[in-house]
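model_0.txt (compact mmCIF, C-alpha atoms) appears below.
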```
# COMPACT_ATOMS: atom_id res chain seq x y z
CA MET K 8 26.34 -75.91 32.70
CA THR K 9 27.94 -79.37 32.38
CA LYS K 10 30.32 -80.54 29.71
CA GLU K 11 27.64 -82.96 28.54
CA THR K 12 25.19 -80.09 27.97
CA ILE K 13 27.78 -78.17 25.96
CA GLU K 14 28.47 -81.17 23.77
CA ILE K 15 24.78 -81.61 23.06
CA LYS K 16 24.41 -78.00 21.96
CA LYS K 17 27.43 -78.30 19.65
CA SER K 18 25.91 -81.38 18.13
CA THR K 19 22.62 -79.57 17.61
CA LEU K 20 24.41 -76.60 16.01
CA THR K 21 26.35 -78.88 13.69
CA SER K 22 23.18 -80.66 12.64
CA GLY K 23 21.49 -77.31 11.91
CA ALA K 24 24.42 -76.14 9.81
CA ILE K 25 24.34 -79.34 7.79
CA THR K 26 20.61 -78.90 7.21
CA ILE K 27 21.14 -75.35 5.91
CA LEU K 28 23.94 -76.52 3.60
CA VAL K 29 21.73 -79.29 2.19
CA ILE K 30 18.94 -76.76 1.50
CA LEU K 31 21.36 -74.40 -0.30
CA LEU K 32 22.72 -77.22 -2.43
CA ALA K 33 19.19 -78.27 -3.37
CA ILE K 34 18.36 -74.71 -4.43
CA SER K 35 21.54 -74.62 -6.49
CA MET K 36 20.63 -77.84 -8.28
CA PHE K 37 17.14 -76.67 -9.20
CA THR K 38 18.20 -73.19 -10.35
CA GLY K 39 21.28 -74.22 -12.33
CA GLY K 40 23.81 -72.93 -9.82
CA PHE K 41 24.36 -69.60 -8.12
CA GLY K 42 24.77 -67.63 -11.36
CA ILE K 43 28.56 -67.42 -11.26
CA GLY K 44 29.88 -66.71 -14.73
CA ASP K 45 26.50 -65.78 -16.18
CA GLU K 46 27.06 -63.08 -18.80
CA ASN K 47 24.15 -60.87 -17.79
CA ILE K 48 24.99 -61.05 -14.09
CA ALA K 49 28.66 -60.40 -14.76
CA ALA K 50 27.80 -57.36 -16.85
CA ASN K 51 25.66 -55.80 -14.14
CA ALA K 52 27.54 -56.85 -11.02
CA VAL K 53 29.20 -54.30 -8.78
CA ALA K 54 32.94 -54.60 -9.25
CA VAL K 55 35.03 -55.42 -6.20
CA PRO K 56 38.22 -53.32 -6.16
CA THR K 57 41.36 -55.39 -6.63
CA ALA K 58 45.01 -54.62 -6.96
CA PRO K 59 45.83 -53.50 -10.53
CA ALA K 60 47.38 -56.19 -12.70
CA ALA K 61 48.99 -53.68 -15.06
CA ALA K 62 52.44 -52.26 -14.64
CA PRO K 63 52.66 -49.18 -12.37
CA ASN K 64 53.33 -46.91 -15.34
CA ALA K 65 50.44 -48.19 -17.47
CA PRO K 66 47.91 -45.51 -18.49
CA THR K 67 44.72 -45.32 -16.49
CA ALA K 68 41.25 -45.09 -17.99
CA PRO K 69 40.81 -41.49 -19.17
CA VAL K 70 37.93 -39.11 -18.58
CA LYS K 71 38.57 -37.09 -21.74
CA VAL K 72 41.31 -37.13 -24.35
CA ASP K 73 42.47 -34.91 -27.18
CA MET K 74 40.83 -36.41 -30.25
CA LYS K 75 43.94 -35.73 -32.32
CA THR K 76 45.78 -38.42 -30.36
CA ILE K 77 43.31 -41.17 -31.31
CA LEU K 78 42.52 -40.32 -34.92
CA ASP K 79 44.15 -42.14 -37.82
CA ASP K 80 43.33 -42.85 -41.45
CA ASP K 81 40.71 -45.43 -40.47
CA ALA K 82 37.44 -45.82 -42.36
CA VAL K 83 34.73 -43.31 -41.47
CA GLU K 84 31.04 -44.08 -41.31
CA GLY K 85 28.91 -40.99 -41.80
CA ASP K 86 29.49 -37.42 -42.91
CA GLU K 87 33.19 -36.49 -42.77
CA ASN K 88 32.12 -33.02 -41.59
CA ALA K 89 29.79 -34.19 -38.82
CA PRO K 90 30.27 -32.11 -35.64
CA VAL K 91 30.57 -35.15 -33.36
CA THR K 92 33.08 -37.95 -33.79
CA ILE K 93 32.79 -41.31 -32.05
CA VAL K 94 35.98 -43.36 -32.03
CA GLU K 95 35.33 -46.97 -31.09
CA PHE K 96 38.09 -49.38 -30.06
CA SER K 97 36.67 -52.84 -30.52
CA ASP K 98 37.29 -56.56 -30.98
CA TYR K 99 35.28 -58.56 -33.54
CA GLU K 100 35.24 -61.60 -31.25
CA CYS K 101 34.23 -59.74 -28.08
CA PRO K 102 30.66 -60.60 -26.94
CA PHE K 103 30.18 -57.17 -25.38
CA CYS K 104 31.24 -55.51 -28.64
CA ALA K 105 28.65 -57.65 -30.42
CA ARG K 106 26.09 -56.54 -27.84
CA PHE K 107 26.82 -52.89 -28.63
CA TYR K 108 26.45 -53.64 -32.35
CA ASP K 109 23.16 -55.50 -31.84
CA GLN K 110 21.50 -53.27 -29.27
CA THR K 111 22.89 -49.75 -29.59
CA LEU K 112 24.71 -48.99 -32.82
CA GLY K 113 21.55 -49.13 -34.94
CA GLN K 114 19.90 -46.39 -32.89
CA ILE K 115 23.01 -44.19 -33.09
CA ARG K 116 23.12 -44.68 -36.84
CA GLU K 117 19.44 -43.85 -37.30
CA ASN K 118 19.28 -40.83 -35.01
CA TYR K 119 22.71 -39.28 -35.43
CA VAL K 120 24.82 -40.77 -38.24
CA ASP K 121 22.11 -40.74 -40.89
CA THR K 122 21.17 -37.19 -39.92
CA GLY K 123 24.71 -35.89 -40.39
CA LYS K 124 25.38 -35.15 -36.73
CA VAL K 125 27.81 -37.97 -35.94
CA LYS K 126 30.54 -39.85 -37.73
CA ILE K 127 31.95 -43.12 -36.39
CA ILE K 128 35.53 -44.30 -36.68
CA PHE K 129 36.15 -47.96 -35.83
CA ARG K 130 39.61 -48.83 -34.59
CA ASP K 131 40.89 -52.34 -33.96
CA TYR K 132 41.65 -53.59 -30.48
CA PRO K 133 41.94 -57.40 -30.85
CA LEU K 134 42.41 -59.12 -27.52
CA GLY K 135 45.13 -61.75 -27.43
CA PHE K 136 42.95 -64.50 -25.98
CA HIS K 137 40.47 -64.27 -28.89
CA GLN K 138 41.68 -66.74 -31.51
CA ASN K 139 40.12 -65.11 -34.57
CA ALA K 140 40.04 -61.44 -33.55
CA GLN K 141 43.33 -60.44 -35.21
CA LYS K 142 42.48 -61.92 -38.60
CA ALA K 143 38.94 -60.55 -38.38
CA ALA K 144 40.40 -57.07 -37.92
CA GLU K 145 42.75 -57.62 -40.86
CA ALA K 146 39.82 -58.86 -42.97
CA ALA K 147 37.91 -55.63 -42.38
CA GLU K 148 41.01 -53.59 -43.22
CA CYS K 149 41.52 -55.62 -46.42
CA ALA K 150 37.90 -54.97 -47.36
CA GLY K 151 38.57 -51.30 -46.74
CA GLU K 152 41.20 -51.42 -49.49
CA GLN K 153 38.24 -52.01 -51.82
CA ASP K 154 36.13 -49.32 -50.14
CA LYS K 155 33.93 -51.83 -48.31
CA TYR K 156 35.26 -51.61 -44.77
CA TYR K 157 31.89 -51.28 -43.07
CA ASP K 158 30.32 -53.93 -45.30
CA MET K 159 32.83 -56.41 -43.87
CA HIS K 160 32.52 -54.90 -40.38
CA ASN K 161 28.76 -55.51 -40.45
CA GLN K 162 29.14 -58.98 -41.95
CA ILE K 163 31.51 -60.11 -39.21
CA PHE K 164 29.43 -58.77 -36.33
CA GLU K 165 26.21 -60.19 -37.77
CA ASN K 166 27.56 -63.63 -38.68
CA GLY K 167 30.49 -64.21 -36.34
CA VAL K 168 34.13 -65.24 -36.62
CA GLU K 169 33.86 -69.02 -36.38
CA GLY K 170 35.95 -70.61 -39.10
CA GLY K 171 38.48 -67.80 -39.14
CA VAL K 172 40.22 -66.98 -42.41
CA ASP K 173 38.09 -69.31 -44.54
CA THR K 174 34.95 -67.65 -43.20
CA PHE K 175 36.26 -64.15 -43.88
CA LYS K 176 37.10 -65.14 -47.46
CA GLN K 177 33.52 -66.30 -47.92
CA TYR K 178 32.26 -63.01 -46.48
CA ALA K 179 34.40 -61.19 -49.06
CA LYS K 180 32.61 -63.05 -51.83
CA ASP K 181 29.23 -62.38 -50.22
CA ILE K 182 29.77 -58.61 -50.23
CA GLY K 183 31.13 -58.53 -53.76
CA LEU K 184 34.84 -58.00 -53.23
CA ASP K 185 37.53 -59.01 -55.70
CA SER K 186 38.33 -62.35 -54.04
CA GLY K 187 41.82 -62.60 -55.48
CA LYS K 188 42.90 -59.23 -54.11
CA PHE K 189 41.20 -59.82 -50.78
CA ASP K 190 42.69 -63.29 -50.28
CA THR K 191 46.18 -62.04 -51.09
CA CYS K 192 45.79 -59.15 -48.65
CA LEU K 193 44.54 -61.38 -45.86
CA ASP K 194 47.00 -64.25 -46.38
CA SER K 195 50.01 -61.96 -46.58
CA GLY K 196 49.28 -60.14 -43.35
CA ALA K 197 49.44 -56.85 -45.23
CA MET K 198 47.14 -55.18 -42.69
CA ALA K 199 48.73 -56.59 -39.53
CA ALA K 200 50.74 -53.40 -38.95
CA GLU K 201 47.62 -51.25 -39.36
CA VAL K 202 45.80 -53.33 -36.74
CA ALA K 203 48.82 -53.14 -34.42
CA LYS K 204 48.87 -49.34 -34.79
CA ASP K 205 45.22 -49.12 -33.71
CA LEU K 206 45.92 -51.32 -30.71
CA ALA K 207 48.94 -49.27 -29.67
CA ASP K 208 47.04 -45.99 -29.99
CA GLY K 209 44.22 -47.39 -27.86
CA GLN K 210 46.63 -48.51 -25.17
CA ALA K 211 48.34 -45.11 -25.19
CA ALA K 212 44.93 -43.46 -24.71
CA GLY K 213 44.22 -45.63 -21.68
CA VAL K 214 41.92 -48.22 -23.23
CA GLN K 215 41.96 -51.33 -21.06
CA GLY K 216 39.16 -53.41 -22.52
CA THR K 217 36.56 -53.60 -25.26
CA PRO K 218 34.45 -51.95 -26.37
CA ALA K 219 35.77 -48.49 -25.51
CA PHE K 220 34.50 -45.23 -26.98
CA PHE K 221 35.49 -41.59 -27.21
CA VAL K 222 32.66 -39.17 -28.03
CA ASN K 223 34.43 -35.95 -29.01
CA GLY K 224 37.03 -37.07 -26.50
CA GLU K 225 34.65 -38.09 -23.69
CA PHE K 226 35.43 -41.65 -22.60
CA ILE K 227 32.69 -44.28 -22.40
CA SER K 228 33.66 -47.78 -21.29
CA GLY K 229 31.77 -50.92 -22.20
CA ALA K 230 28.55 -51.81 -24.01
CA GLN K 231 26.53 -49.08 -22.37
CA PRO K 232 22.84 -48.60 -23.25
CA TYR K 233 21.82 -46.17 -25.96
CA THR K 234 20.80 -43.48 -23.45
CA VAL K 235 24.41 -43.12 -22.28
CA PHE K 236 25.57 -42.37 -25.83
CA GLU K 237 22.56 -40.15 -26.45
CA THR K 238 23.51 -37.99 -23.47
CA ALA K 239 27.18 -37.78 -24.48
CA ILE K 240 26.31 -36.91 -28.08
CA ASN K 241 23.77 -34.26 -27.10
CA ASN K 242 26.29 -32.72 -24.68
CA ALA K 243 28.83 -32.58 -27.51
CA LEU K 244 26.28 -30.95 -29.81
CA ALA K 245 25.22 -28.36 -27.23
```

Spit out the file's structure as structure tokens when you get a sec.
Amino acid sequence: MTKETIEIKKSTLTSGAITILVILLAISMFTGGFGIGDENIAANAVAVPTAPAAAPNAPTAPVKVDMKTILDDDAVEGDENAPVTIVEFSDYECPFCARFYDQTLGQIRENYVDTGKVKIIFRDYPLGFHQNAQKAAEAAECAGEQDKYYDMHNQIFENGVEGGVDTFKQYAKDIGLDSGKFDTCLDSGAMAAEVAKDLADGQAAGVQGTPAFFVNGEFISGAQPYTVFETAINNALA
């Protein structure tokens, strides 16, 4: 085979590769890209193992924990004597936490909380890169001082955190709180330590992201579908 023949084949190969690249780029343009960063794809993608970013001594995600280590004086939704306790560590600005609220929590409430089988305890886990998450958590805690924690909790998840403190003050009016007391509580940072305590307890239990749940101690990570919680709850009731 001559050098000339080899050069021709290389040229042909290069031309073919260019043609394939052009086709792929055209597909990308018509479909809006390859889906990188799409929320639904990201949520369902298979994770590729990477080196851990946390310090070597950081806690790892647990399988089951002693519930005593993650319980505090946080507001309870449901019967205090319910046999199953769900502790949720969550962030009011987290889209996956909002997904759990929108798609799953209602079914848990209807089938288990309202029937006296489950109580839910919401604990704050505001992520540092969410601008309004800390104050949203404080707002719910301030509402709790007037016995309306879950009213504010629901208001924030249903209407969002855009606008920050001013928005939360409007929510307080909407749910009938004493605005003066609420505003003073929120502006003073009176609940910042309470939020920090929740965050620290979550970290100590091995929580590494939101939302994270413990169903009578059994760990569930992420905005899992209702059937996952149904199985965990029924196992705890058995």

*Atom-to-atom span, atom CA of K:Lys71 and atom CA of K:Tyr99, Å*: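 Rounded to one decimal, the two atoms are 24.7 Å apart.
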
*Kindly indicate which residue among K:His160, K:Cys192, K:Asp185, K:Lys155 lies nearest to K:Val172, using only C-alpha atoms for the distances.*
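Looking only at the distances to K:Val172, the closest residue turns out to be K:Cys192.
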
_Among the residues K:Asp131, K:Lys126, K:Asp109, K:Ala144, the one that comes closest to K:Ala207 [using only C-alpha atoms]_ =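 Closest to K:Ala207, using only C-alpha atoms: K:Asp131.
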
*asked:* Taking 5 positions as the minimum chain separation for residues in the same chain, which residues sit within 10 Å of K:Val120 when counting only C-alpha atoms? Answer as JSON, numbers by chain.
replied: {"K": [84, 85, 86, 89, 91, 92, 112, 113, 114, 115, 125, 126, 127]}

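Using only C-alpha atoms, the nearest neighbour of K:Phe129 within the list K:Glu95, K:Glu169, K:Asp79, K:Glu117 is K:Glu95.
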
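When atom CA of K:Asp181 is paired with atom CA of K:Glu145, their separation reads 17.1 Å.
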
*Mind giving me the straight-line distance from atom CA of K:Phe220 to atom CA of K:Phe96 in Å, one decimal?*
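Separation between atom CA of K:Phe220 and atom CA of K:Phe96: 6.3 Å.
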
Using all atoms listed in the file and a cutoff of 12 Å, can you tell me which residues are near (45.2, -50.3, -24.1) in the file's coordinates, and write them out as a PDB file with C-alpha atoms, in the coordinates of the input?
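out_8.pdb, written as the output of this step:
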```pdb
ATOM      1  CA  ALA K  61      48.990 -53.680 -15.060  1.00  0.00           C
ATOM      2  CA  ALA K  65      50.440 -48.190 -17.470  1.00  0.00           C
ATOM      3  CA  PRO K  66      47.910 -45.510 -18.490  1.00  0.00           C
ATOM      4  CA  THR K  67      44.720 -45.320 -16.490  1.00  0.00           C
ATOM      5  CA  ALA K  68      41.250 -45.090 -17.990  1.00  0.00           C
ATOM      6  CA  PRO K  69      40.810 -41.490 -19.170  1.00  0.00           C
ATOM      7  CA  ILE K  77      43.310 -41.170 -31.310  1.00  0.00           C
ATOM      8  CA  PHE K  96      38.090 -49.380 -30.060  1.00  0.00           C
ATOM      9  CA  SER K  97      36.670 -52.840 -30.520  1.00  0.00           C
ATOM     10  CA  ARG K 130      39.610 -48.830 -34.590  1.00  0.00           C
ATOM     11  CA  ASP K 131      40.890 -52.340 -33.960  1.00  0.00           C
ATOM     12  CA  TYR K 132      41.650 -53.590 -30.480  1.00  0.00           C
ATOM     13  CA  PRO K 133      41.940 -57.400 -30.850  1.00  0.00           C
ATOM     14  CA  LEU K 134      42.410 -59.120 -27.520  1.00  0.00           C
ATOM     15  CA  GLY K 135      45.130 -61.750 -27.430  1.00  0.00           C
ATOM     16  CA  ALA K 203      48.820 -53.140 -34.420  1.00  0.00           C
ATOM     17  CA  LYS K 204      48.870 -49.340 -34.790  1.00  0.00           C
ATOM     18  CA  ASP K 205      45.220 -49.120 -33.710  1.00  0.00           C
ATOM     19  CA  LEU K 206      45.920 -51.320 -30.710  1.00  0.00           C
ATOM     20  CA  ALA K 207      48.940 -49.270 -29.670  1.00  0.00           C
ATOM     21  CA  ASP K 208      47.040 -45.990 -29.990  1.00  0.00           C
ATOM     22  CA  GLY K 209      44.220 -47.390 -27.860  1.00  0.00           C
ATOM     23  CA  GLN K 210      46.630 -48.510 -25.170  1.00  0.00           C
ATOM     24  CA  ALA K 211      48.340 -45.110 -25.190  1.00  0.00           C
ATOM     25  CA  ALA K 212      44.930 -43.460 -24.710  1.00  0.00           C
ATOM     26  CA  GLY K 213      44.220 -45.630 -21.680  1.00  0.00           C
ATOM     27  CA  VAL K 214      41.920 -48.220 -23.230  1.00  0.00           C
ATOM     28  CA  GLN K 215      41.960 -51.330 -21.060  1.00  0.00           C
ATOM     29  CA  GLY K 216      39.160 -53.410 -22.520  1.00  0.00           C
ATOM     30  CA  THR K 217      36.560 -53.600 -25.260  1.00  0.00           C
ATOM     31  CA  PRO K 218      34.450 -51.950 -26.370  1.00  0.00           C
ATOM     32  CA  ALA K 219      35.770 -48.490 -25.510  1.00  0.00           C
TER      33      ALA K 219
END
```

*Using all atoms listed in the file, determine which residues lie at most 12 Å from K:Arg106, disregarding the query and same-chain residues fewer than 5 positions distant; provide the list as a VMD selection string.*
chain K and resid 46 to 47 50 97 to 101 111 to 113 164 to 165 217 to 218 229 to 233

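Minimum atom-to-atom distances from K:Ala105, K:Ala140, K:Val72, K:Ile128 to K:Glu87 were compared using all atoms listed in the file, and the lowest value belongs to K:Ile128.
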